[in-house]
>>> print(open('work_13.txt').read())   # compact mmCIF, C-alpha atoms and all ligand atoms
# COMPACT_ATOMS: atom_id res chain seq x y z
CA MET A 19 46.72 104.88 64.18
CA GLU A 20 48.10 103.11 67.26
CA VAL A 21 45.43 101.18 69.23
CA VAL A 22 46.05 101.56 72.97
CA PHE A 23 45.08 98.52 75.02
CA MET A 24 43.13 99.68 78.06
CA ALA A 25 43.39 96.94 80.65
CA GLN A 26 40.81 96.94 83.41
CA VAL A 27 41.99 95.37 86.66
CA LEU A 28 40.05 94.70 89.86
CA VAL A 29 42.19 94.85 93.00
CA ILE A 30 41.17 93.11 96.24
CA ASN A 31 42.86 93.69 99.59
CA PRO A 32 41.16 92.14 102.62
CA GLY A 33 42.39 93.08 106.09
CA SER A 34 41.31 91.84 109.50
CA THR A 35 38.50 94.42 109.74
CA THR A 36 38.34 95.91 106.24
CA THR A 37 38.06 94.97 102.59
CA LYS A 38 39.75 97.45 100.26
CA LEU A 39 38.53 97.31 96.65
CA ALA A 40 39.53 99.24 93.56
CA VAL A 41 39.18 99.11 89.79
CA PHE A 42 41.91 100.53 87.58
CA ARG A 43 41.88 101.30 83.88
CA ASN A 44 45.56 101.21 83.01
CA ASN A 45 47.07 103.37 85.77
CA GLU A 46 43.92 105.33 86.49
CA LYS A 47 41.86 104.35 89.52
CA ILE A 48 38.25 104.56 88.31
CA ALA A 49 36.53 103.27 91.46
CA SER A 50 37.56 102.45 95.00
CA GLU A 51 36.07 101.69 98.38
CA ASN A 52 37.39 100.77 101.80
CA VAL A 53 34.64 98.75 103.48
CA THR A 54 34.92 98.38 107.25
CA HIS A 55 33.40 95.25 108.83
CA SER A 56 32.19 95.37 112.39
CA ALA A 57 33.81 92.93 114.81
CA THR A 58 30.31 91.60 115.56
CA ILE A 59 29.75 90.53 111.95
CA LEU A 60 33.18 88.93 111.61
CA ASN A 61 32.91 87.15 114.98
CA ASP A 62 29.67 85.56 113.79
CA ILE A 63 31.48 84.07 110.80
CA HIS A 64 33.60 81.58 112.63
CA THR A 65 36.43 80.58 110.32
CA LEU A 66 38.46 82.84 108.08
CA VAL A 67 37.63 80.87 104.92
CA SER A 68 33.89 81.06 105.60
CA GLN A 69 34.17 84.86 105.31
CA ILE A 70 34.66 84.47 101.54
CA ASP A 71 30.96 84.51 100.60
CA PHE A 72 30.29 87.50 102.85
CA ARG A 73 33.19 89.46 101.36
CA LEU A 74 32.36 88.38 97.77
CA LYS A 75 28.85 89.80 98.23
CA ILE A 76 30.42 93.12 99.24
CA LEU A 77 32.61 92.92 96.16
CA THR A 78 29.61 92.30 93.87
CA GLY A 79 27.82 95.27 95.45
CA PHE A 80 30.90 97.45 94.90
CA LEU A 81 31.06 96.53 91.20
CA GLU A 82 27.33 97.19 90.72
CA LYS A 83 27.44 100.49 92.57
CA ASN A 84 30.28 101.69 90.35
CA ASP A 85 28.76 100.38 87.09
CA VAL A 86 31.70 98.06 86.53
CA ASP A 87 30.71 95.08 84.39
CA ALA A 88 32.78 92.13 85.65
CA LYS A 89 32.75 90.74 82.08
CA GLU A 90 34.87 93.71 81.03
CA LEU A 91 37.63 93.00 83.54
CA ASP A 92 40.94 91.81 82.12
CA ALA A 93 42.41 90.52 85.39
CA VAL A 94 42.00 90.42 89.14
CA ALA A 95 44.90 91.13 91.51
CA ALA A 96 44.91 90.45 95.23
CA ILE A 97 47.18 90.79 98.19
CA GLY A 98 48.97 87.48 98.70
CA GLY A 99 48.34 85.63 101.93
CA LEU A 100 50.43 83.27 104.01
CA LEU A 101 51.96 80.85 101.53
CA LYS A 102 55.21 78.96 101.49
CA PRO A 103 58.24 81.28 101.44
CA ILE A 104 58.72 82.60 97.88
CA GLU A 105 60.70 85.30 96.09
CA GLY A 106 59.09 88.65 95.41
CA GLY A 107 57.33 89.30 92.07
CA VAL A 108 53.99 88.53 90.45
CA TYR A 109 52.39 85.06 90.59
CA GLN A 110 49.31 83.73 88.81
CA ILE A 111 46.95 82.19 91.37
CA ASN A 112 46.75 78.44 90.80
CA ASP A 113 45.27 75.38 92.51
CA ALA A 114 48.38 74.81 94.66
CA MET A 115 48.14 78.35 95.99
CA VAL A 116 44.40 78.07 96.61
CA HIS A 117 45.04 74.86 98.54
CA ASP A 118 47.66 76.46 100.78
CA LEU A 119 45.65 79.64 101.36
CA SER A 120 42.42 77.83 102.23
CA SER A 121 43.98 75.11 104.40
CA GLY A 122 45.98 77.68 106.36
CA LYS A 123 48.99 75.37 105.99
CA TYR A 124 51.36 78.34 106.36
CA GLY A 125 49.18 80.33 108.74
CA LYS A 126 45.87 82.14 108.86
CA HIS A 127 45.69 85.85 108.09
CA ALA A 128 42.94 87.96 106.52
CA SER A 129 45.15 88.42 103.47
CA ASN A 130 44.65 84.70 102.66
CA LEU A 131 41.14 85.68 101.57
CA GLY A 132 42.53 87.96 98.85
CA GLY A 133 43.92 85.17 96.70
CA LEU A 134 40.85 83.00 97.33
CA MET A 135 38.37 85.73 96.39
CA ALA A 136 40.36 86.72 93.30
CA TYR A 137 40.57 83.10 92.13
CA GLU A 138 36.82 82.57 92.58
CA LEU A 139 35.92 85.68 90.61
CA ALA A 140 38.51 85.16 87.88
CA LYS A 141 37.33 81.57 87.36
CA ASN A 142 33.78 82.79 86.68
CA TYR A 143 34.96 85.28 84.06
CA ASP A 144 37.81 83.24 82.60
CA ILE A 145 40.46 85.89 83.30
CA PRO A 146 43.78 85.58 85.12
CA ALA A 147 44.14 86.28 88.83
CA PHE A 148 47.42 87.42 90.35
CA ILE A 149 49.08 88.06 93.67
CA ALA A 150 52.32 90.00 94.02
CA ASP A 151 55.04 90.48 96.63
CA PRO A 152 53.07 88.49 99.22
CA SER A 153 53.85 88.90 102.91
CA VAL A 154 55.82 85.62 102.79
CA THR A 155 58.28 87.10 100.28
CA ASP A 156 61.55 85.54 101.40
CA GLU A 157 64.84 86.99 100.24
CA LEU A 158 66.71 86.56 103.53
CA THR A 159 70.39 85.79 103.52
CA GLN A 160 71.43 82.51 105.13
CA VAL A 161 72.88 84.20 108.22
CA ALA A 162 69.62 86.08 108.77
CA ARG A 163 67.74 82.78 109.11
CA PHE A 164 69.41 81.76 112.37
CA SER A 165 67.23 82.16 115.45
CA GLY A 166 69.74 80.84 117.96
CA LYS A 167 67.94 77.50 118.36
CA LYS A 168 68.54 74.80 115.77
CA GLU A 169 64.95 73.59 115.63
CA ILE A 170 63.56 77.09 115.00
CA GLU A 171 64.35 79.03 111.83
CA ARG A 172 63.50 82.72 111.45
CA ARG A 173 60.86 83.39 108.82
CA SER A 174 60.32 86.33 106.50
CA THR A 175 56.75 87.62 106.96
CA PHE A 176 56.33 91.33 106.43
CA HIS A 177 54.63 94.13 104.53
CA ALA A 178 56.56 93.18 101.40
CA LEU A 179 54.18 94.72 98.86
CA ASN A 180 54.08 98.17 100.44
CA GLN A 181 57.73 98.19 101.54
CA LYS A 182 58.95 97.44 98.01
CA ALA A 183 56.42 99.70 96.25
CA VAL A 184 57.18 102.70 98.46
CA ALA A 185 60.93 102.12 98.19
CA ARG A 186 60.63 101.99 94.38
CA ARG A 187 58.56 105.17 94.31
CA ILE A 188 60.86 107.19 96.59
CA LEU A 189 63.97 106.03 94.76
CA ASN A 190 62.39 106.86 91.37
CA GLN A 191 61.69 110.36 92.66
CA LYS A 192 65.39 110.64 93.51
CA GLY A 193 66.39 109.39 90.07
CA ARG A 194 67.66 106.14 91.60
CA VAL A 195 66.81 102.51 90.79
CA TYR A 196 65.48 100.15 93.49
CA GLU A 197 67.51 97.20 92.20
CA GLN A 198 70.71 99.27 92.54
CA SER A 199 70.06 100.77 95.96
CA ASN A 200 70.34 100.11 99.69
CA VAL A 201 67.42 101.35 101.75
CA ILE A 202 65.72 100.67 105.06
CA VAL A 203 61.94 100.67 105.11
CA ALA A 204 59.92 100.80 108.33
CA HIS A 205 56.27 99.95 107.68
CA MET A 206 54.42 101.16 110.76
CA GLY A 207 50.73 100.34 111.07
CA GLY A 208 48.76 97.85 113.13
CA GLY A 209 51.76 95.61 112.43
CA ILE A 210 55.28 97.01 112.22
CA THR A 211 58.07 95.52 110.10
CA VAL A 212 61.50 96.98 109.34
CA GLY A 213 63.39 95.69 106.31
CA ALA A 214 66.92 96.01 104.94
CA HIS A 215 66.57 96.29 101.14
CA HIS A 216 69.84 95.50 99.36
CA LEU A 217 69.90 95.80 95.55
CA GLY A 218 66.20 94.98 95.27
CA LYS A 219 66.12 92.12 97.80
CA VAL A 220 64.96 92.29 101.41
CA ILE A 221 67.90 90.50 102.94
CA ASP A 222 66.73 90.87 106.53
CA VAL A 223 63.46 92.01 108.06
CA THR A 224 61.61 91.80 111.36
CA ASN A 225 58.82 89.24 111.18
CA GLY A 226 55.43 90.93 111.67
CA LEU A 227 53.57 87.93 113.04
CA ASP A 228 56.13 85.76 114.85
CA GLY A 229 56.81 88.12 117.74
CA GLU A 230 59.88 89.97 116.52
CA GLY A 231 61.04 93.57 116.50
CA ALA A 232 59.27 96.57 117.96
CA PHE A 233 55.93 96.37 119.75
CA THR A 234 53.07 97.90 117.79
CA PRO A 235 49.60 99.29 118.45
CA GLY A 236 48.33 95.70 118.88
CA ARG A 237 51.33 93.37 118.80
CA SER A 238 54.06 92.45 121.24
CA GLY A 239 57.11 92.41 118.99
CA SER A 240 59.90 90.41 120.64
CA LEU A 241 59.35 89.35 124.25
CA PRO A 242 61.75 88.16 126.97
CA LEU A 243 61.48 84.37 126.47
CA LEU A 244 61.60 82.94 129.97
CA PRO A 245 59.01 85.26 131.48
CA PHE A 246 56.79 84.59 128.44
CA ALA A 247 57.20 80.81 128.84
CA HIS A 248 56.12 81.24 132.46
CA TYR A 249 53.14 83.38 131.36
CA ILE A 250 52.04 80.70 128.87
CA GLN A 251 52.29 78.00 131.48
CA SER A 252 50.58 79.88 134.27
CA HIS A 253 47.67 80.86 131.96
CA GLN A 254 47.62 77.36 130.36
CA LEU A 255 47.45 78.87 126.87
CA THR A 256 46.86 76.88 123.68
CA GLU A 257 48.92 77.68 120.56
CA ASN A 258 46.06 79.79 119.16
CA GLU A 259 45.80 81.69 122.41
CA VAL A 260 49.56 82.30 122.40
CA MET A 261 49.18 83.75 118.90
CA GLU A 262 46.39 86.04 120.09
CA GLU A 263 48.55 87.19 123.01
CA ILE A 264 51.33 88.18 120.59
CA VAL A 265 49.20 89.55 117.76
CA GLY A 266 46.15 91.43 119.02
CA LYS A 267 46.29 91.54 122.79
CA ALA A 268 49.67 93.24 123.12
CA GLY A 269 51.39 96.56 122.45
CA PHE A 270 49.23 99.66 123.03
CA VAL A 271 46.22 97.37 123.48
CA SER A 272 47.74 95.74 126.55
CA TYR A 273 49.28 98.89 128.06
CA LEU A 274 46.60 101.45 127.18
CA GLY A 275 43.50 99.49 126.13
CA THR A 276 43.34 100.78 122.54
CA SER A 277 45.23 100.26 119.28
CA ASP A 278 44.29 103.72 118.06
CA ALA A 279 47.44 105.85 118.01
CA GLN A 280 45.41 108.99 117.34
CA GLU A 281 43.43 108.41 120.52
CA ILE A 282 46.72 107.96 122.42
CA GLU A 283 48.07 111.21 121.00
CA LYS A 284 44.96 112.98 122.30
CA ARG A 285 45.71 111.55 125.75
CA ILE A 286 49.32 112.74 125.50
CA THR A 287 48.16 116.24 124.57
CA ALA A 288 45.85 116.14 127.60
CA GLY A 289 48.87 115.41 129.82
CA ASP A 290 48.63 111.62 130.21
CA GLU A 291 52.21 110.65 131.19
CA GLU A 292 51.56 106.89 130.97
CA ALA A 293 50.36 107.24 127.38
CA LYS A 294 53.42 109.34 126.51
CA LEU A 295 55.87 106.86 128.03
CA CYS A 296 54.28 103.95 126.15
CA TYR A 297 54.22 105.81 122.81
CA ASP A 298 57.85 106.88 123.33
CA ALA A 299 58.81 103.27 124.13
CA MET A 300 57.34 102.08 120.83
CA ILE A 301 59.21 104.81 118.95
CA TYR A 302 62.43 103.84 120.79
CA GLN A 303 62.00 100.18 119.77
CA ILE A 304 61.28 101.03 116.12
CA ALA A 305 64.44 103.18 116.07
CA LYS A 306 66.48 100.28 117.48
CA GLU A 307 65.23 98.00 114.68
CA ILE A 308 66.18 100.60 112.08
CA GLY A 309 69.64 100.71 113.65
CA SER A 310 69.92 96.91 113.36
CA GLN A 311 69.06 96.99 109.67
CA ALA A 312 71.67 99.74 109.15
CA VAL A 313 74.24 97.22 110.43
CA VAL A 314 72.87 94.61 107.99
CA LEU A 315 73.53 97.14 105.20
CA LYS A 316 77.01 97.84 106.62
CA GLY A 317 76.03 101.47 107.15
CA GLN A 318 75.55 102.03 103.38
CA VAL A 319 72.04 103.44 103.74
CA GLU A 320 70.84 105.71 100.93
CA VAL A 321 67.56 106.49 102.61
CA ILE A 322 65.42 105.41 105.55
CA ILE A 323 61.74 105.36 104.60
CA LEU A 324 58.96 105.65 107.19
CA THR A 325 55.61 104.43 105.85
CA GLY A 326 52.25 102.92 107.00
CA GLY A 327 49.40 104.55 108.90
CA LEU A 328 51.60 105.63 111.81
CA ALA A 329 53.81 107.64 109.47
CA HIS A 330 50.90 110.13 109.40
CA SER A 331 51.76 110.93 112.99
CA ASP A 332 53.79 114.13 113.41
CA TYR A 333 54.48 113.06 116.99
CA LEU A 334 56.06 109.78 115.90
CA VAL A 335 58.03 111.28 113.03
CA GLU A 336 59.39 114.17 115.10
CA HIS A 337 60.40 111.87 117.97
CA ILE A 338 62.02 109.16 115.85
CA LYS A 339 64.09 111.48 113.67
CA PRO A 340 66.63 112.49 116.37
CA LEU A 341 67.23 108.79 117.13
CA ILE A 342 67.97 107.68 113.56
CA SER A 343 69.04 110.73 111.56
CA PHE A 344 72.75 109.92 112.03
CA LEU A 345 72.16 106.79 109.91
CA GLY A 346 71.08 108.57 106.73
CA ASP A 347 68.42 110.67 104.99
CA ILE A 348 64.86 110.10 106.11
CA GLU A 349 61.80 110.14 103.85
CA VAL A 350 58.26 109.92 105.18
CA TYR A 351 55.59 108.25 103.03
CA PRO A 352 52.41 108.04 105.13
CA GLY A 353 49.83 105.31 104.42
CA GLU A 354 50.33 102.62 101.84
CA ILE A 355 50.19 102.10 98.08
CA GLU A 356 49.30 98.42 98.01
CA MET A 357 46.32 98.83 95.65
CA GLU A 358 48.39 100.79 93.12
CA ALA A 359 51.26 98.29 93.42
CA LEU A 360 48.97 95.33 92.75
CA ASN A 361 47.50 97.08 89.71
CA ASP A 362 51.01 97.87 88.42
CA TYR A 363 52.00 94.22 88.73
CA ALA A 364 48.81 92.96 87.04
CA GLN A 365 49.13 95.47 84.18
CA ALA A 366 52.75 94.43 83.70
CA ALA A 367 51.80 90.73 83.74
CA LEU A 368 49.06 91.31 81.14
CA LYS A 369 51.60 93.01 78.88
CA ASP A 370 54.40 90.49 79.42
CA SER A 371 53.49 86.99 80.59
CA GLY A 372 57.22 86.25 80.86
CA ILE A 373 57.36 87.99 84.25
CA ILE A 374 54.70 85.76 85.81
CA ARG A 375 56.15 83.34 88.36
CA LEU A 376 54.84 79.88 89.14
CA TYR A 377 53.82 78.82 92.66
CA GLU A 378 54.54 75.13 93.11
N1 LIG B 401 46.91 110.67 111.16
C1 LIG B 401 47.31 109.75 112.03
N2 LIG B 401 48.03 110.10 113.13
C2 LIG B 401 48.43 109.18 114.01
N3 LIG B 401 48.20 107.85 113.89
C3 LIG B 401 47.49 107.45 112.83
C4 LIG B 401 47.01 108.36 111.84
N4 LIG B 401 46.35 107.62 110.91
C5 LIG B 401 46.40 106.34 111.30
N5 LIG B 401 47.09 106.23 112.44
C6 LIG B 401 47.34 105.02 113.24
O1 LIG B 401 47.95 104.02 112.44
C7 LIG B 401 47.56 102.73 112.95
C8 LIG B 401 46.95 101.91 111.83
O2 LIG B 401 47.81 101.88 110.74
P1 LIG B 401 47.29 101.42 109.29
O3 LIG B 401 48.52 101.27 108.45
O4 LIG B 401 46.25 102.38 108.83
O5 LIG B 401 46.56 100.08 109.65
P2 LIG B 401 46.70 98.59 109.18
O6 LIG B 401 48.03 98.13 109.62
O7 LIG B 401 45.58 97.94 109.91
O8 LIG B 401 46.54 98.64 107.69
C9 LIG B 401 46.55 103.00 114.05
O9 LIG B 401 47.16 102.93 115.31
C10 LIG B 401 46.07 104.38 113.72
O10 LIG B 401 45.56 105.04 114.87
C1 LIG B 402 51.29 89.33 107.34
C2 LIG B 402 52.55 90.14 107.69
C3 LIG B 402 52.36 91.55 107.45
C4 LIG B 402 51.43 92.10 108.47
O1 LIG B 402 51.72 92.10 109.66
O2 LIG B 402 50.29 92.64 107.98
P1 LIG B 402 49.18 93.44 108.82
O3 LIG B 402 49.89 94.47 109.63
O4 LIG B 402 48.32 94.06 107.77
O5 LIG B 402 48.45 92.44 109.66
>>> encode(input="work_13.txt", output="C-alpha cells", more="lines below")
Ligand SMILES: Nc1ncnc2c1ncn2[C@@H]1O[C@H](COP(=O)(O)OP(=O)(O)O)[C@@H](O)[C@H]1O
Ligand SMILES: CCCC(=O)OP(=O)(O)O
Amino acid sequence: MEVVFMAQVLVINPGSTTTKLAVFRNNEKIASENVTHSATILNDIHTLVSQIDFRLKILTGFLEKNDVDAKELDAVAAIGGLLKPIEGGVYQINDAMVHDLSSGKYGKHASNLGGLMAYELAKNYDIPAFIADPSVTDELTQVARFSGKKEIERRSTFHALNQKAVARRILNQKGRVYEQSNVIVAHMGGGITVGAHHLGKVIDVTNGLDGEGAFTPGRSGSLPLLPFAHYIQSHQLTENEVMEEIVGKAGFVSYLGTSDAQEIEKRITAGDEEAKLCYDAMIYQIAKEIGSQAVVLKGQVEVIILTGGLAHSDYLVEHIKPLISFLGDIEVYPGEIEMEALNDYAQAALKDSGIIRLYE
C-alpha cells in the first residue's frame, strides 16, 4: 500500500493592518483567519519589528483555537518582505535574510514581519521556514532599469506572489503554461502594480512603493517631479515623511478622504460627481499602465488579468474594459491567492529540496 505523506504547513501573511493566517494539509486549507489590527494598537507599537511579539501571540492563539499542534507542522511559509532584489521562486529563510528584514536595509513594509515570524516559529520547532516570490522579485530587463537619471535606478517591487500565482492559475485553466506565455497582470488593491510577464519572467512592472504607475486608493503613483520637489521643500519634509506622502496620504485618501473604494462607489451612486471623476481618473491611469506593458510585450498579449481587491468592483471592471479590450482578452480574478501560493511553494519545497534557492 502506498503511504501518502501529508505535509502540514502554516502560512503567515502580515499586512499593514491585518495578519492573515492559514494551515494547510497538503492542498487542503484546514484553518484560516484574517485578523484585523486597529490603528490604535499598531500606533502604540512604535517600530515595525517590535510588532513581532504582538503578532506571534495572535498566531499562537490562532493555532490553539483551531487545535493545531505546532509540533505537527512540517514547515512554515511566509510572504517575503523587502529584501535585496532576487529572482522569483522559493527561498529558505536564513540568517542573512533575517538580518535584512529586521534591519530594514532594503525598506520597511509589514511583509518584513512575515519572514521574521516564520523564522522564529520554525526555529522553536526545528522545521524549515520559506518565503516565495517576494515583492522584491526582480526579473527586469536591462532597458527597464533606466529611470532617466544615472544616479537613480528603477527597482522591481510589486505584488509578485499574487501576480504570478493568478497568472499561472488562469493560464492553466486555458490549457496554457505560464513559462511559455505572455500576459499582463494588474494587481489592484491598496497598492496597484501592473506587470509584463514574458515566458515566466516579469520583465517590466510598475513599482508599488517608489511612486510609479497609477494612483491607488492610498498611494500617489507617479507624480510630476518639479511640483513635488517644490511641495517637499515648502513643507520641509523628511525622507520618511516623503514616503508617507507617496504611500498612505495620496490617491483616494488625498482627494476623497478615504481609501475605501466601496464607500466611494456608494458616493458615486448617490450622485457625487467629484467621487466619480476621481475613480474614473484612477481607472484611466491603470489602463494607461496596461497599455505600456502591452508595448513591452510587443503587442503579443495572450491575456490581461485584473486581480486584487479592486477587481471585485463591477464599476471598475466595466469602465476599464472599453479602454483596454483592443489589447487582448481580459480575465478578472478578484482578490488574491497568496496563502494558497505560499502553501504550494512550501509543499513543493518539502517534496523536492532541489528547488529551494539560497539568499546570500
Ligand atoms: N467588492 C468590492 N468592490 C469594490 N471595491 C472593493 C471590494 N472589495 C474590496 N474593495 C476595495 O479594494 C481595496 C483593497 O484591496 P485589497 O486587495 O483587499 O487590499 P490590500 O491591498 O490592502 O490587500 C479597497 O479600496 C477596498 O475598498
Ligand atoms: C511591497 C510591494 C507590493 C505592495 O505594494 O504591497 P501592498 O499593496 O500589500 O502594500
>>> closest_residue(input="work_13.txt", among="A:Ile373, A:Ala279, A:Val203, A:Leu101", to="ligand LIG 401 (chain B)", atoms="all atoms listed in the file")
A:Ala279
>>> closest_residue(input="work_13.txt", among="A:Thr36, A:Gln280, A:Ser199, A:Thr155", to="ligand LIG 401 (chain B)", atoms="all atoms listed in the file")
A:Gln280
>>> closest_residue(input="work_13.txt", among="A:Tyr297, A:Thr35, A:Gly353, A:Gly133", to="A:Arg285", atoms="all atoms listed in the file")
A:Tyr297
>>> residues_near_ligand(input="work_13.txt", ligand="ligand LIG 402 (chain B)", cutoff="10 Å", atoms="all atoms listed in the file", output="PyMOL selection string")
chain A and resi 31-34+98-100+125-130+152-155+174-180+205-211+224-228+234+236-237+265-266+326
>>> closest_residue(input="work_13.txt", among="A:Ala293, A:Leu60, A:Val260, A:Met115", to="A:Phe246", atoms="all atoms listed in the file")
A:Val260
>>> closest_residue(input="work_13.txt", among="A:Glu283, A:Glu336, A:Asp298, A:Glu259", to="ligand LIG 401 (chain B)", atoms="all atoms listed in the file")
A:Glu283
>>> closest_residue(input="work_13.txt", among="A:Tyr333, A:Phe270, A:Tyr249, A:Phe233", to="A:Ile304", atoms="only C-alpha atoms")
A:Phe233
>>> atom_distance(input="work_13.txt", atom1="atom CA of A:Ala204", atom2="atom CA of A:Ile286")
23.4 Å
>>> residues_around(input="work_13.txt", residues="A:Phe80", least_positions_apart="4", cutoff="12 Å", atoms="all atoms listed in the file", output="list in words")
Leu28, Val29, Ile30, Thr37, Lys38, Leu39, Ala40, Val41, Ala49, Ser50, Glu51, Asn52, Val53, Arg73, Leu74, Lys75, Ile76, Asn84, Asp85, Val86, Asp87 and Ala88 of chain A
>>> write_last_selection(input="work_13.txt", atoms="C-alpha atoms", output="PDB file, in the frame of the given file")
ATOM      1  CA  LEU A  28      40.050  94.700  89.860  1.00  0.00           C
ATOM      2  CA  VAL A  29      42.190  94.850  93.000  1.00  0.00           C
ATOM      3  CA  ILE A  30      41.170  93.110  96.240  1.00  0.00           C
ATOM      4  CA  THR A  37      38.060  94.970 102.590  1.00  0.00           C
ATOM      5  CA  LYS A  38      39.750  97.450 100.260  1.00  0.00           C
ATOM      6  CA  LEU A  39      38.530  97.310  96.650  1.00  0.00           C
ATOM      7  CA  ALA A  40      39.530  99.240  93.560  1.00  0.00           C
ATOM      8  CA  VAL A  41      39.180  99.110  89.790  1.00  0.00           C
ATOM      9  CA  ALA A  49      36.530 103.270  91.460  1.00  0.00           C
ATOM     10  CA  SER A  50      37.560 102.450  95.000  1.00  0.00           C
ATOM     11  CA  GLU A  51      36.070 101.690  98.380  1.00  0.00           C
ATOM     12  CA  ASN A  52      37.390 100.770 101.800  1.00  0.00           C
ATOM     13  CA  VAL A  53      34.640  98.750 103.480  1.00  0.00           C
ATOM     14  CA  ARG A  73      33.190  89.460 101.360  1.00  0.00           C
ATOM     15  CA  LEU A  74      32.360  88.380  97.770  1.00  0.00           C
ATOM     16  CA  LYS A  75      28.850  89.800  98.230  1.00  0.00           C
ATOM     17  CA  ILE A  76      30.420  93.120  99.240  1.00  0.00           C
ATOM     18  CA  ASN A  84      30.280 101.690  90.350  1.00  0.00           C
ATOM     19  CA  ASP A  85      28.760 100.380  87.090  1.00  0.00           C
ATOM     20  CA  VAL A  86      31.700  98.060  86.530  1.00  0.00           C
ATOM     21  CA  ASP A  87      30.710  95.080  84.390  1.00  0.00           C
ATOM     22  CA  ALA A  88      32.780  92.130  85.650  1.00  0.00           C
TER      23      ALA A  88
END
>>> residues_around(input="work_13.txt", residues="A:Leu134", least_positions_apart="2", cutoff="12 Å", atoms="all atoms listed in the file", output="PDB file with C-alpha atoms, in the coordinates of the input")
ATOM      1  CA  ILE A  30      41.170  93.110  96.240  1.00  0.00           C
ATOM      2  CA  ASN A  31      42.860  93.690  99.590  1.00  0.00           C
ATOM      3  CA  PRO A  32      41.160  92.140 102.620  1.00  0.00           C
ATOM      4  CA  LEU A  66      38.460  82.840 108.080  1.00  0.00           C
ATOM      5  CA  VAL A  67      37.630  80.870 104.920  1.00  0.00           C
ATOM      6  CA  SER A  68      33.890  81.060 105.600  1.00  0.00           C
ATOM      7  CA  GLN A  69      34.170  84.860 105.310  1.00  0.00           C
ATOM      8  CA  ILE A  70      34.660  84.470 101.540  1.00  0.00           C
ATOM      9  CA  ASP A  71      30.960  84.510 100.600  1.00  0.00           C
ATOM     10  CA  ARG A  73      33.190  89.460 101.360  1.00  0.00           C
ATOM     11  CA  LEU A  74      32.360  88.380  97.770  1.00  0.00           C
ATOM     12  CA  VAL A  94      42.000  90.420  89.140  1.00  0.00           C
ATOM     13  CA  ALA A  95      44.900  91.130  91.510  1.00  0.00           C
ATOM     14  CA  ALA A  96      44.910  90.450  95.230  1.00  0.00           C
ATOM     15  CA  ILE A  97      47.180  90.790  98.190  1.00  0.00           C
ATOM     16  CA  GLY A  98      48.970  87.480  98.700  1.00  0.00           C
ATOM     17  CA  GLY A  99      48.340  85.630 101.930  1.00  0.00           C
ATOM     18  CA  LEU A 100      50.430  83.270 104.010  1.00  0.00           C
ATOM     19  CA  ILE A 111      46.950  82.190  91.370  1.00  0.00           C
ATOM     20  CA  ASN A 112      46.750  78.440  90.800  1.00  0.00           C
ATOM     21  CA  ASP A 113      45.270  75.380  92.510  1.00  0.00           C
ATOM     22  CA  ALA A 114      48.380  74.810  94.660  1.00  0.00           C
ATOM     23  CA  MET A 115      48.140  78.350  95.990  1.00  0.00           C
ATOM     24  CA  VAL A 116      44.400  78.070  96.610  1.00  0.00           C
ATOM     25  CA  HIS A 117      45.040  74.860  98.540  1.00  0.00           C
ATOM     26  CA  ASP A 118      47.660  76.460 100.780  1.00  0.00           C
ATOM     27  CA  LEU A 119      45.650  79.640 101.360  1.00  0.00           C
ATOM     28  CA  SER A 120      42.420  77.830 102.230  1.00  0.00           C
ATOM     29  CA  SER A 121      43.980  75.110 104.400  1.00  0.00           C
ATOM     30  CA  GLY A 122      45.980  77.680 106.360  1.00  0.00           C
ATOM     31  CA  ALA A 128      42.940  87.960 106.520  1.00  0.00           C
ATOM     32  CA  SER A 129      45.150  88.420 103.470  1.00  0.00           C
ATOM     33  CA  ASN A 130      44.650  84.700 102.660  1.00  0.00           C
ATOM     34  CA  LEU A 131      41.140  85.680 101.570  1.00  0.00           C
ATOM     35  CA  GLY A 132      42.530  87.960  98.850  1.00  0.00           C
ATOM     36  CA  ALA A 136      40.360  86.720  93.300  1.00  0.00           C
ATOM     37  CA  TYR A 137      40.570  83.100  92.130  1.00  0.00           C
ATOM     38  CA  GLU A 138      36.820  82.570  92.580  1.00  0.00           C
ATOM     39  CA  LEU A 139      35.920  85.680  90.610  1.00  0.00           C
ATOM     40  CA  ALA A 140      38.510  85.160  87.880  1.00  0.00           C
ATOM     41  CA  LYS A 141      37.330  81.570  87.360  1.00  0.00           C
ATOM     42  CA  ALA A 147      44.140  86.280  88.830  1.00  0.00           C
ATOM     43  CA  PHE A 148      47.420  87.420  90.350  1.00  0.00           C
ATOM     44  CA  ILE A 149      49.080  88.060  93.670  1.00  0.00           C
TER      45      ILE A 149
END
>>> atom_distance(input="work_13.txt", atom1="atom CA of A:Arg172", atom2="atom CA of A:Ile202")
19.2 Å
>>> axis_aligned_box(input="work_13.txt", around="ligand LIG 401 (chain B)", padding_each_side="6 Å", output="AutoDock Vina command-line options")
--center_x 47.0 --center_y 104.3 --center_z 111.5 --size_x 15.0 --size_y 24.7 --size_z 19.6
>>> atom_distance(input="work_13.txt", atom1="atom CA of A:Leu77", atom2="atom CA of A:Met135")
9.2 Å
>>> build_atoms(input="work_13.txt", residues="stretch 118-123 of chain A", atoms="N, CA and C atoms", output="tab-separated table (two decimals), keeping the file's coordinate frame")
chain	number	residue	atom	x	y	z
A	118	ASP	N	46.88	76.00	99.62
A	118	ASP	CA	47.66	76.46	100.78
A	118	ASP	C	46.98	77.62	101.51
A	119	LEU	N	46.33	78.49	100.73
A	119	LEU	CA	45.65	79.64	101.36
A	119	LEU	C	44.42	79.17	102.14
A	120	SER	N	43.66	78.22	101.56
A	120	SER	CA	42.42	77.83	102.23
A	120	SER	C	42.67	76.88	103.39
A	121	SER	N	43.72	76.06	103.29
A	121	SER	CA	43.98	75.11	104.40
A	121	SER	C	44.67	75.82	105.57
A	122	GLY	N	45.24	76.98	105.30
A	122	GLY	CA	45.98	77.68	106.36
A	122	GLY	C	47.27	76.96	106.71
A	123	LYS	N	47.78	76.17	105.75
A	123	LYS	CA	48.99	75.37	105.99
A	123	LYS	C	50.15	76.24	106.48
